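S.K.: One structure coming up, written as structure tokens, with questions to follow.
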Amino acid sequence: MKTSLSSLSSLSSLSSLSSRRTVVRLLAAAGFVTAGLLASTAALAQSSIVVASTTSTEQSGLFSYLLPEFKKASGIDVKVVALGTGQAIDMARRGDADVLFVHDKVAEEKFVADGFAAKRQEVMYNDFVLIGPKADPAATKGSDIVAALKKVATANAPFISRGDKSGTHAAELRFWKMTDTDANKGTGYKECGCGMGPALNIGASSSAYVLADRGTWLNFKNRADLAVLVEGDKRLFNQYGVMLVSAAKHPQVKTAEGQKFVDWVTGPAGQAAIAGYKIGGEQLFFPNAAATAR
């Protein structure tokens, strides 16, 4: 009987040990699965791309409005580096961005022609406006940007140019070239080498004229006595384009994630989000990806 009881005790111990080992294995397996799920979730949470863009898309508040919507749809974080368009293009040429989102069509088409993107897609548009003091000492008010700039030069009125190779700066230079005063813009002409917001701040503090994109102007709070003086000229049309940076040029580019952003911002959801962004009931950007698809 003792032997029998001893044997049963041993068997019970072995059974208990076996059960414990089984439980340990199960817990370990569960832990492994949990760790795997956590790692997968963390990887999804950390999925991100870098978008090189112009200051107008950021300082107008557009990206603050759009990107949470894209994150909800894709799980992808977007890190925006807002620069003048020329600097943004240079950044993308170096492979330091996955997507380029700017507004200088000539420079964008060269970017594609040089092989840094397979194609350029148009996304949205708004317009440029000439901002200046409400008293308008140079008498610029109207709908002719070229005539207005001539008057600024003739009056030697203060004019703040961004001077930063941005899309807005490129447009301004095009307009000056259309005048007969391009070589002499007046003694009040100054370049700040800065973004749209800082240029408007300087304009507000010095009662100067400034060429601005309407989106940034509508989101600008420090207006002082500045007002929109010239608008409605068809030459003030301001188109934005988006490009996925070429992985053939830069293998580190996050092609899949970047393409998701391009597809979303040019697709129905992104285009509807762009149309829905308003300040004081006024729409800042007008989606036109479908209308310009080619």
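We label chains A, B, ... in the order they appear in the structure tokens, count residues from 1 in each chain, and number ligands from 1 in the order shown.
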Would you mind listing, for every residue of segment 121-199 of chain A within 10 Å of segment 236-256 of chain A, the two atoms forming the shortest contact and the distance between them in Å to one decimal, using only C-alpha atoms, sorted by chain and ascending residue number, as CSV?
M.R.:
residue,atom,partner,partner_atom,distance
A:Gln121,CA,A:Val242,CA,5.4
A:Glu122,CA,A:Gly241,CA,4.3
A:Val123,CA,A:Gly241,CA,5.4
A:Met124,CA,A:Tyr240,CA,5.5
A:Tyr125,CA,A:Gln239,CA,4.4
A:Asn126,CA,A:Asn238,CA,5.2
A:Asp127,CA,A:Phe237,CA,4.6
A:Phe128,CA,A:Leu236,CA,5.0
A:Val129,CA,A:Leu236,CA,7.0
A:Leu130,CA,A:Leu236,CA,9.4
A:Ser143,CA,A:Leu236,CA,9.6
A:Asp144,CA,A:Leu236,CA,9.4
A:Ile145,CA,A:Leu236,CA,7.8
A:Gly167,CA,A:Asn238,CA,8.9
A:Thr168,CA,A:Asn238,CA,8.7
A:Ala171,CA,A:Leu236,CA,8.2
A:Glu172,CA,A:Leu236,CA,9.5
A:Phe175,CA,A:Leu236,CA,9.1
S.K.: Grab the residues selected above and save them as a CSV table (one decimal), in the first residue's frame with all heavy atoms.
M.R.:
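Saved result, again-v8.csv, follows:
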chain,number,residue,atom,x,y,z
A,121,GLN,N,1.0,65.3,-60.3
A,121,GLN,CA,-0.5,65.3,-60.3
A,121,GLN,C,-1.0,66.6,-59.7
A,121,GLN,O,-0.5,67.0,-58.6
A,121,GLN,CB,-1.0,64.1,-59.5
A,121,GLN,CG,-0.8,62.8,-60.2
A,121,GLN,CD,-1.3,61.6,-59.3
A,121,GLN,OE1,-0.5,60.9,-58.8
A,121,GLN,NE2,-2.6,61.5,-59.2
A,122,GLU,N,-1.9,67.3,-60.3
A,122,GLU,CA,-2.4,68.5,-59.8
A,122,GLU,C,-3.4,68.2,-58.7
A,122,GLU,O,-4.1,67.1,-58.7
A,122,GLU,CB,-3.1,69.3,-60.9
A,122,GLU,CG,-2.0,69.8,-61.9
A,122,GLU,CD,-2.4,70.8,-62.9
A,122,GLU,OE1,-3.6,70.9,-63.1
A,122,GLU,OE2,-1.5,71.5,-63.4
A,123,VAL,N,-3.5,69.0,-57.7
A,123,VAL,CA,-4.3,68.7,-56.5
A,123,VAL,C,-5.3,69.7,-56.2
A,123,VAL,O,-6.5,69.4,-56.0
A,123,VAL,CB,-3.3,68.7,-55.2
A,123,VAL,CG1,-4.1,68.3,-54.0
A,123,VAL,CG2,-2.2,67.7,-55.4
A,124,MET,N,-5.0,71.0,-56.3
A,124,MET,CA,-5.9,72.1,-55.9
A,124,MET,C,-5.3,73.4,-56.4
A,124,MET,O,-4.2,73.5,-56.8
A,124,MET,CB,-6.0,72.1,-54.3
A,124,MET,CG,-4.7,72.4,-53.6
A,124,MET,SD,-4.8,72.2,-51.8
A,124,MET,CE,-3.2,72.9,-51.4
A,125,TYR,N,-6.1,74.4,-56.2
A,125,TYR,CA,-5.7,75.8,-56.6
A,125,TYR,C,-6.3,76.8,-55.7
A,125,TYR,O,-7.3,76.6,-55.0
A,125,TYR,CB,-6.0,76.1,-58.1
A,125,TYR,CG,-7.5,76.3,-58.3
A,125,TYR,CD1,-8.1,77.5,-58.2
A,125,TYR,CD2,-8.3,75.2,-58.7
A,125,TYR,CE1,-9.4,77.7,-58.5
A,125,TYR,CE2,-9.6,75.3,-58.9
A,125,TYR,CZ,-10.2,76.6,-58.8
A,125,TYR,OH,-11.5,76.7,-59.0
A,126,ASN,N,-5.7,78.0,-55.6
A,126,ASN,CA,-6.3,79.2,-55.1
A,126,ASN,C,-5.7,80.3,-55.9
A,126,ASN,O,-5.4,80.2,-57.1
A,126,ASN,CB,-6.2,79.3,-53.6
A,126,ASN,CG,-4.8,79.5,-53.1
A,126,ASN,OD1,-3.8,79.5,-53.9
A,126,ASN,ND2,-4.6,79.6,-51.8
A,127,ASP,N,-5.5,81.5,-55.3
A,127,ASP,CA,-5.0,82.6,-56.0
A,127,ASP,C,-4.0,83.4,-55.2
A,127,ASP,O,-4.0,83.3,-53.9
A,127,ASP,CB,-6.1,83.4,-56.7
A,127,ASP,CG,-7.0,84.1,-55.6
A,127,ASP,OD1,-7.0,83.6,-54.5
A,127,ASP,OD2,-7.7,85.1,-55.9
A,128,PHE,N,-3.2,84.2,-55.8
A,128,PHE,CA,-2.4,85.2,-55.2
A,128,PHE,C,-3.2,86.5,-55.1
A,128,PHE,O,-4.1,86.7,-55.9
A,128,PHE,CB,-1.1,85.4,-56.0
A,128,PHE,CG,-0.2,84.2,-56.0
A,128,PHE,CD1,0.0,83.6,-57.2
A,128,PHE,CD2,0.5,83.8,-54.9
A,128,PHE,CE1,0.9,82.5,-57.3
A,128,PHE,CE2,1.4,82.7,-55.0
A,128,PHE,CZ,1.5,82.0,-56.2
A,129,VAL,N,-2.8,87.3,-54.1
A,129,VAL,CA,-3.4,88.6,-53.9
A,129,VAL,C,-2.3,89.6,-53.6
A,129,VAL,O,-1.3,89.2,-52.9
A,129,VAL,CB,-4.5,88.6,-52.9
A,129,VAL,CG1,-5.8,87.8,-53.3
A,129,VAL,CG2,-4.0,88.0,-51.5
A,130,LEU,N,-2.5,90.8,-54.0
A,130,LEU,CA,-1.6,91.9,-53.5
A,130,LEU,C,-2.2,92.5,-52.3
A,130,LEU,O,-3.3,93.0,-52.3
A,130,LEU,CB,-1.4,92.9,-54.6
A,130,LEU,CG,-0.3,94.0,-54.2
A,130,LEU,CD1,1.1,93.4,-54.1
A,130,LEU,CD2,-0.3,95.2,-55.2
A,143,SER,N,-7.7,95.1,-60.4
A,143,SER,CA,-7.6,93.7,-60.8
A,143,SER,C,-6.5,93.4,-61.8
A,143,SER,O,-6.4,92.4,-62.4
A,143,SER,CB,-8.9,93.2,-61.4
A,143,SER,OG,-9.2,94.0,-62.5
A,144,ASP,N,-5.5,94.4,-61.8
A,144,ASP,CA,-4.4,94.2,-62.7
A,144,ASP,C,-3.1,94.2,-61.9
A,144,ASP,O,-2.6,95.3,-61.5
A,144,ASP,CB,-4.4,95.4,-63.7
A,144,ASP,CG,-3.3,95.2,-64.9
A,144,ASP,OD1,-2.3,94.6,-64.6
A,144,ASP,OD2,-3.6,95.7,-66.0
A,145,ILE,N,-2.5,93.1,-61.7
A,145,ILE,CA,-1.3,92.9,-60.9
A,145,ILE,C,-0.1,93.6,-61.5
A,145,ILE,O,0.7,94.2,-60.8
A,145,ILE,CB,-1.0,91.4,-60.6
A,145,ILE,CG1,0.2,91.3,-59.6
A,145,ILE,CG2,-0.7,90.7,-61.9
A,145,ILE,CD1,-0.1,92.0,-58.3
A,167,GLY,N,7.4,79.3,-54.3
A,167,GLY,CA,6.4,79.4,-55.4
A,167,GLY,C,5.9,80.8,-55.5
A,167,GLY,O,5.7,81.4,-56.6
A,168,THR,N,5.6,81.4,-54.3
A,168,THR,CA,5.1,82.8,-54.3
A,168,THR,C,6.1,83.8,-54.8
A,168,THR,O,5.8,84.7,-55.6
A,168,THR,CB,4.7,83.2,-52.9
A,168,THR,OG1,3.7,82.2,-52.4
A,168,THR,CG2,4.1,84.6,-52.8
A,171,ALA,N,6.4,83.5,-58.6
A,171,ALA,CA,5.2,84.2,-59.2
A,171,ALA,C,5.5,85.7,-59.2
A,171,ALA,O,5.2,86.4,-60.2
A,171,ALA,CB,3.9,83.8,-58.5
A,172,GLU,N,5.9,86.2,-58.1
A,172,GLU,CA,6.2,87.6,-58.0
A,172,GLU,C,7.2,88.1,-59.0
A,172,GLU,O,7.0,89.1,-59.7
A,172,GLU,CB,6.7,88.0,-56.6
A,172,GLU,CG,7.0,89.4,-56.4
A,172,GLU,CD,8.2,89.6,-55.4
A,172,GLU,OE1,8.2,89.0,-54.4
A,172,GLU,OE2,9.1,90.4,-55.7
A,175,PHE,N,5.7,88.3,-62.4
A,175,PHE,CA,4.9,89.6,-62.6
A,175,PHE,C,5.7,90.8,-62.8
A,175,PHE,O,5.4,91.7,-63.6
A,175,PHE,CB,3.9,89.7,-61.4
A,175,PHE,CG,3.0,88.6,-61.1
A,175,PHE,CD1,2.6,88.2,-59.8
A,175,PHE,CD2,2.5,87.8,-62.2
A,175,PHE,CE1,1.8,87.2,-59.6
A,175,PHE,CE2,1.6,86.8,-61.9
A,175,PHE,CZ,1.3,86.4,-60.6
S.K.: Pick out the residues sitting within 10 Å of segment 86-90 of chain A, and hand them over as an MDAnalysis selection string; count only C-alpha atoms, and ignore anything fewer than 3 positions along from it in its own chain.
M.R.: chainID A and resid 51:55 81:83 93:97 99:104 107:108 111 116 164:167 169:170
S.K.: Quick one: write out the picked residues with C-alpha atoms as a PDB file, in the first residue's frame?
M.R.:
ATOM      1  CA  VAL A  51       6.328  65.523 -47.108  1.00  0.00           C
ATOM      2  CA  ALA A  52       8.385  68.475 -48.359  1.00  0.00           C
ATOM      3  CA  SER A  53       5.955  71.306 -48.950  1.00  0.00           C
ATOM      4  CA  THR A  54       5.566  75.027 -49.264  1.00  0.00           C
ATOM      5  CA  THR A  55       4.930  77.282 -46.285  1.00  0.00           C
ATOM      6  CA  VAL A  81       8.767  70.082 -43.650  1.00  0.00           C
ATOM      7  CA  ALA A  82       7.457  73.481 -44.755  1.00  0.00           C
ATOM      8  CA  LEU A  83       9.914  75.478 -46.857  1.00  0.00           C
ATOM      9  CA  ARG A  93      16.036  65.994 -54.973  1.00  0.00           C
ATOM     10  CA  ARG A  94      18.366  64.948 -52.149  1.00  0.00           C
ATOM     11  CA  GLY A  95      15.991  62.141 -51.202  1.00  0.00           C
ATOM     12  CA  ASP A  96      15.191  63.677 -47.818  1.00  0.00           C
ATOM     13  CA  ALA A  97      11.437  63.479 -48.454  1.00  0.00           C
ATOM     14  CA  VAL A  99       6.503  63.211 -51.250  1.00  0.00           C
ATOM     15  CA  LEU A 100       6.734  66.714 -52.727  1.00  0.00           C
ATOM     16  CA  PHE A 101       3.692  69.030 -52.485  1.00  0.00           C
ATOM     17  CA  VAL A 102       4.373  72.522 -53.881  1.00  0.00           C
ATOM     18  CA  HIS A 103       3.172  75.277 -56.237  1.00  0.00           C
ATOM     19  CA  ASP A 104       5.608  76.157 -59.001  1.00  0.00           C
ATOM     20  CA  ALA A 107       9.958  73.829 -61.450  1.00  0.00           C
ATOM     21  CA  GLU A 108       7.762  70.797 -60.731  1.00  0.00           C
ATOM     22  CA  PHE A 111      11.690  67.826 -61.288  1.00  0.00           C
ATOM     23  CA  PHE A 116      13.077  62.620 -59.555  1.00  0.00           C
ATOM     24  CA  ASP A 164      13.276  82.790 -50.793  1.00  0.00           C
ATOM     25  CA  LYS A 165      12.830  80.976 -54.127  1.00  0.00           C
ATOM     26  CA  SER A 166       9.357  79.907 -53.042  1.00  0.00           C
ATOM     27  CA  GLY A 167       6.434  79.414 -55.406  1.00  0.00           C
ATOM     28  CA  HIS A 169       8.456  84.436 -54.920  1.00  0.00           C
ATOM     29  CA  ALA A 170       8.683  82.802 -58.367  1.00  0.00           C
TER      30      ALA A 170
END
S.K.: Let's see if you can do this: from backbone DSSP, list all helix (DSSP H, G or I) residues in segment 81-253 of chain A, as an NGL selection string.
M.R.: :A and (85-93 or 105-113 or 145-154 or 167-177 or 196-206 or 214-219 or 234-236)
S.K.: Excluding Thr57 of chain A and its own-chain neighbours fewer than 5 positions away, which residues fall within 8 Å of it when counting only C-alpha atoms? Please give them as a PyMOL selection string.
M.R.: chain A and resi 62-63+82+215-216
S.K.: Mind dumping the selected residues with N, CA, C and O atoms as an mmCIF file, in the first residue's frame?
M.R.:
data_model
loop_
_atom_site.group_PDB
_atom_site.id
_atom_site.type_symbol
_atom_site.label_atom_id
_atom_site.label_comp_id
_atom_site.auth_asym_id
_atom_site.auth_seq_id
_atom_site.Cartn_x
_atom_site.Cartn_y
_atom_site.Cartn_z
ATOM 1 N N LEU A 62 -3.965 74.430 -43.649
ATOM 2 C CA LEU A 62 -4.518 73.315 -44.419
ATOM 3 C C LEU A 62 -4.046 71.960 -43.899
ATOM 4 O O LEU A 62 -4.847 71.049 -43.703
ATOM 5 N N PHE A 63 -2.746 71.808 -43.671
ATOM 6 C CA PHE A 63 -2.231 70.509 -43.249
ATOM 7 C C PHE A 63 -2.744 70.113 -41.868
ATOM 8 O O PHE A 63 -2.995 68.934 -41.605
ATOM 9 N N ALA A 82 7.972 72.349 -43.980
ATOM 10 C CA ALA A 82 7.457 73.481 -44.755
ATOM 11 C C ALA A 82 8.576 74.455 -45.077
ATOM 12 O O ALA A 82 9.195 75.028 -44.191
ATOM 13 N N GLY A 215 -4.699 81.769 -49.152
ATOM 14 C CA GLY A 215 -4.885 80.880 -48.013
ATOM 15 C C GLY A 215 -4.168 81.365 -46.775
ATOM 16 O O GLY A 215 -4.746 81.414 -45.681
ATOM 17 N N THR A 216 -2.894 81.735 -46.918
ATOM 18 C CA THR A 216 -2.139 82.220 -45.765
ATOM 19 C C THR A 216 -2.717 83.543 -45.278
ATOM 20 O O THR A 216 -2.793 83.791 -44.066
#
S.K.: Please, which residues of segment 38-257 of chain A, numbered as in this document, come out strand (DSSP E or B) from DSSP, as a ChimeraX atom specification?
M.R.: /A:48-54,77-83,99-102,117,121-133,142,159-161,189-191,209-213,226-230,237-245
S.K.: Under the rule that only C-alpha atoms are counted, which of A:Thr181, A:Ser48, A:Thr85, A:Thr266 is the nearest residue to Gly163 of chain A?
M.R.: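 Result for the nearest residue to Gly163 of chain A: A:Thr85.
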S.K.: Counting only C-alpha atoms, which residue out of A:Val78, A:Ala148, A:Ala155, A:Ala291 sits closest to Asp233 of chain A?
M.R.: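 For Asp233 of chain A, the nearest of the given residues is A:Ala148.
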S.K.: So which one's closest to Thr154 of chain A, A:Lys177, A:Gly61, A:Gly186, A:Pro133? Using only C-alpha atoms, please.
M.R.: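 With only C-alpha atoms as the atom set, the closest residue is A:Gly186.
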S.K.: Enter the distance from atom CA of Gly188 of chain A to atom CA of Ala157 of chain A, in Å, rounded to one decimal.
M.R.: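 Spanning atom CA of Gly188 of chain A to atom CA of Ala157 of chain A is a straight-line distance of 5.0 Å.
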S.K.: Which of these, A:Leu149, A:Leu284, A:Ile160, A:Leu173, has the shortest distance to Gly197 of chain A once you count only C-alpha atoms?
M.R.: A:Ile160
S.K.: Calculated over only C-alpha atoms, which of the candidates A:Ser56, A:Ser161, A:Gln271, A:Ser64 has the smallest distance to Tyr209 of chain A?
M.R.: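 Once distances to Tyr209 of chain A are computed over only C-alpha atoms, the minimum belongs to A:Ser161.
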S.K.: What is the distance, in Å and to one decimal place, between atom CA of Lys151 of chain A and atom CA of Val106 of chain A?
M.R.: 27.8 Å
S.K.: Please list as a PyMOL selection string every residue within 8 Å of Ala272 of chain A, counting only C-alpha atoms and excluding residues in the same chain fewer than 4 positions away.
M.R.: chain A and resi 268+276+287
S.K.: Closest to Lys150 of chain A among A:Thr179, A:Ala269, A:Asp136, A:Ala275, using only C-alpha atoms?
M.R.: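 When distances to Lys150 of chain A are compared using only C-alpha atoms, the smallest one comes from A:Thr179.
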S.K.: Please indicate the distance in Å from atom CA of Lys185 of chain A to atom CA of Val152 of chain A, rounded to one decimal place.
M.R.: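 Atom-to-atom, atom CA of Lys185 of chain A and atom CA of Val152 of chain A are spaced 7.6 Å apart.
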